[in-house]
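Notes follow the structure.
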2 protein chains.
Amino acid sequence: MTAPKFPNEFQRKALALINDLMPLSELVFFLVEPDMRHRGAVVYKSGADIEKQYEAAYSQMDPLNPERFTNRDDRVVTLDSQMSPHLLKQTIYYQEFMVPNNHRFVADMLFRHEGRIIAVLTMLREAGLGNYSTHELHLLRSLQPFLEYSLNAVYLPHRNDERQSITDHYALTERELDVLELLLSGSSNKEIALALGLGLATIKTHLHNIFQKVSVQSRSELIAKILPLLQL
Amino acid sequence: MTAPKFPNEFQRKALALINDLMPLSELVFFLVEPDMRHRGAVVYKSGADIEKQYEAAYSQMDPLNPERFTNRDDRVVTLDSQMSPHLLKQTIYYQEFMVPNNHRFVADMLFRHEGRIIAVLTMLREAGLGNYSTHELHLLRSLQPFLEYSLNAVYLPHRNDERQSITDHYALTERELDVLELLLSGSSNKEIALALGLGLATIKTHLHNIFQKVSVQSRSELIAKILPLLQL
DNA sequence: TTTCGCTTCCACCTTTTGATGGATACCCGA
DNA sequence: TCGGGTATCCATCAAAAGGTGGAAGCGAAA
């Protein structure tokens with residue numbers, strides 16, 4: 001297949017690539033809003049709940065919080081490059097967030113658009129995997145420009161335009177948009193649930209609400225009604 | 001925003017990435033038309049004349065000619081995997097094309113869309129650089145899925161003006177088109193049956209056949225796949 | 001503080017869709 | 001005339017989708 005079946009297939013493909021090139025215990029790819037909030041996190045190799053936990057309580061303490069790199073041009077940053085292991089282990093962030101989740105080594109690949117950080121790919125390793133080698137970091141820094149180009153040139157423009165035009169028409173919530181996006185790509189409820197890390201019941205609820213707001217009886221009718229709106 | 005400034009910026013970015021990851025003497029990225037002709041070659045590190053020379057006289061002799069890989073699923077192929085060095089050196093292709101251009105080792109990364117090869121990234125090495133190591137080949141095979149995805153999802157849609165009508169793509173019968181038309185408008189099976197004055201079972205049969213021809217699993221996927229083709 | 005909207009999930013149920021393996025009839029070309 | 005494709009229909013079954021009426025947590029706003 002090739003038409004982007006999932007709107008965030010870009011993220012998952014990118015994560016699959018990185019994961020294929022070096023041993024990692026977990027990967028996360030999220031977009032960064034202008035107000036520095038995270039959005040559309042795609043988690044690889046584990047559940048999506050860690051991301052919630054992070055955003056809720058620990059993002060501000062994160063030594064790799066994207067905000068800290070706003071006025072710089074790093075492509076890839078590691079936890080160790082920001083803080084000595086000795087100091088790190090004394091932080092609440094390390095003890096309450098990293099340790100319980102079995103994270104020891106962290107590297108972030110940063111993606112920018114006109115200077116602003118628009119997305120971050122976080123790579124996590126448990127202690128047993130050892131720290132990132134210079135060779136691995138070089139590989140990551142080589143990959144970054146191409147990933148950034150693809151992200152900017154292709155993925156983001158489409159996605160933003162589409163979401164905007166739909167919210168203009170119907171008052172859908174963020175989550176409903178997430179569901180709708182996947183639905184419009186032809187995904188089944190099960191696939192949507194899987195992609196968003198939610199239960200099947202939740203998807204049905206969201207869909208039901210979407211049907212109401214858009215005034216349609218079925219997913220087919222919804223697709224037939226919305227898709228043409230996006231091609232204007 | 002970051003709309004592709006140059007039509008083939010994608011190719012050049014991809015070539016820059018590969019070139020950054022391993023020593024190469026030359027790289028070429030070209031698109032492959034349905035009739036297997038090359039198009040839009042982007043050459044890295046040397047002049048474009050080699051490409052013309054190749055297409056004019058030597059493409060048919062090329063052991064790595066994409067045509068030879070049509071019904072396979074190789075991501076990356078090397079010259080050595082197709083022909084023993086001993087035999088290779090006796091070929092006209094080697095003596096008249098490769099030697100004069102100082103090529104000794106060749107690897108091709110193949111990109112497909114729905115099975116068909118749509119692009120090829122050719123990597124060339126002079127003798128001094130040595131052959132591709134298994135590690136390098138693994139790296140290339142890891143990169144291929146992401147590049148293929150980006151190529152399909154991002155780059156190719158821009159040049160998809162050549163979209164034919166649905167019937168050209170998927171030999172649908174007249175009756176199947178009747179059904180499809182109603183389906184694309186969001187109708188349920190019952191409504192389609194009513195509209196065409198047929199039984200529900202008939203509609204199901206037609207739909208089943210359509211699914212097969214178009215290679216989809218559900219009506220939603222079908223709509224999501226066909227509708228965009230109609231609005232170009 | 002309370003209310004409200006959003007999000008998540010559940011159980012139970014009906015309807016729709018899709019898969020499978022048939023059958024019959026028609027037409028057309030080899 | 002015989003085979004192949006098309007079109008129509010059937011029964012049966014499993015899976016997916018959709019409807020209904022809940023519940024609970026949470027954060028923001030009133």
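Just remember, in the structure tokens the first chain shown is A, the second B, etc., residues are 1-based per chain, and ligands are 1-based in the order shown.
Least-squares superposition puts chain B on chain A with a C-alpha RMSD of 15.3 Å, counting every Cα pair in order.
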- Item | DSSP-assigned alpha helix (DSSP H) members of stretch 78-168 of chain A, reported as a ChimeraX atom specification | /A:79-82,85-88,92,134-150,156-168
Mind listing as a compact mmCIF listing (two decimals) with N, CA and C atoms (P, O5', C5', C4', C3', O3' and C1' of nucleotides), in the first residue's frame which residues of chain D are within 10 Å of chain A, counting only C-alpha atoms (C1' of nucleotides)?
# COMPACT_ATOMS: atom_id res chain seq x y z
P DA D 16 -13.58 -8.44 12.58
O5' DA D 16 -14.45 -7.15 12.23
C5' DA D 16 -14.85 -6.94 10.89
C4' DA D 16 -15.95 -5.91 10.86
C3' DA D 16 -15.69 -4.70 11.77
O3' DA D 16 -15.61 -3.56 10.94
C1' DA D 16 -17.92 -5.53 12.00
P DA D 17 -15.48 -2.12 11.51
O5' DA D 17 -17.01 -1.68 11.60
C5' DA D 17 -17.83 -1.85 10.46
C4' DA D 17 -19.24 -1.39 10.78
C3' DA D 17 -19.31 -0.03 11.48
O3' DA D 17 -20.27 0.74 10.79
C1' DA D 17 -20.56 -1.65 12.68
P DG D 18 -20.44 2.26 11.10
O5' DG D 18 -21.68 2.27 12.10
C5' DG D 18 -22.93 1.81 11.62
C4' DG D 18 -23.92 1.72 12.76
C3' DG D 18 -23.99 2.96 13.67
O3' DG D 18 -25.32 3.45 13.64
C1' DG D 18 -23.93 0.95 14.94
P DG D 19 -25.78 4.61 14.62
O5' DG D 19 -26.54 3.82 15.77
C5' DG D 19 -27.62 2.95 15.42
C4' DG D 19 -28.47 2.69 16.64
C3' DG D 19 -28.67 3.90 17.55
O3' DG D 19 -30.01 3.87 18.05
C1' DG D 19 -27.56 2.18 18.76
Chain A residues near chain C (8 Å cut-off, only C-alpha atoms (C1' of nucleotides)) as a compact mmCIF listing (two decimals) with N, CA and C atoms, in the first residue's frame:
# COMPACT_ATOMS: atom_id res chain seq x y z
N THR A 173 -14.21 17.75 18.26
CA THR A 173 -13.15 17.89 19.25
C THR A 173 -11.85 17.32 18.69
N GLY A 199 -9.62 1.79 23.45
CA GLY A 199 -10.49 0.63 23.36
C GLY A 199 -11.46 0.78 22.21
N ALA A 201 -14.58 0.31 22.29
CA ALA A 201 -15.78 1.01 22.75
C ALA A 201 -15.62 2.52 22.62
N THR A 202 -14.44 2.99 22.93
CA THR A 202 -14.19 4.43 22.85
C THR A 202 -14.33 4.93 21.42
- Message: Taking only C-alpha atoms into account, find every residue of chain A that has an atom no more than 10 Å from chain B, and write it out as number ranges by chain.
- Response: A: 1-5, 9-21, 113-114, 138-139, 141-147, 149-158, 183-188, 216-225, 227-228, 230-232
- Task: Enumerate as a PyMOL selection string all residues of stretch 112-194 of chain B assigned to strand (DSSP E or B) by DSSP on the backbone, naming them with the chain letters and numbers the document uses.
- Result: chain B and resi 112-113+116-125
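Across the structure, atom CA of B:Tyr44 and atom CA of B:Leu137 are spaced 19.7 Å apart.
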- Query: atom CA of B:Leu182 and atom CA of B:Val214, how far apart in Å?
  - Reply: 16.3 Å
- Query: What's the 7 Å shell around A:Phe111, counting only C-alpha atoms (C1' of nucleotides), without same-chain residues fewer than 4 positions away, as a ChimeraX atom specification?
  - Reply: /A:117-120,148
Would you export the selected residues with C-alpha atoms as a PDB file, in the first residue's frame, please?
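The resulting file, selection.pdb, is shown below:
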ATOM      1  CA  ILE A 117      10.834  22.993  17.047  1.00  0.00           C
ATOM      2  CA  ILE A 118       7.876  21.229  15.502  1.00  0.00           C
ATOM      3  CA  ALA A 119       8.485  17.610  16.417  1.00  0.00           C
ATOM      4  CA  VAL A 120      10.644  15.366  18.548  1.00  0.00           C
ATOM      5  CA  GLU A 148      13.103  16.782   8.835  1.00  0.00           C
TER       6      GLU A 148
END
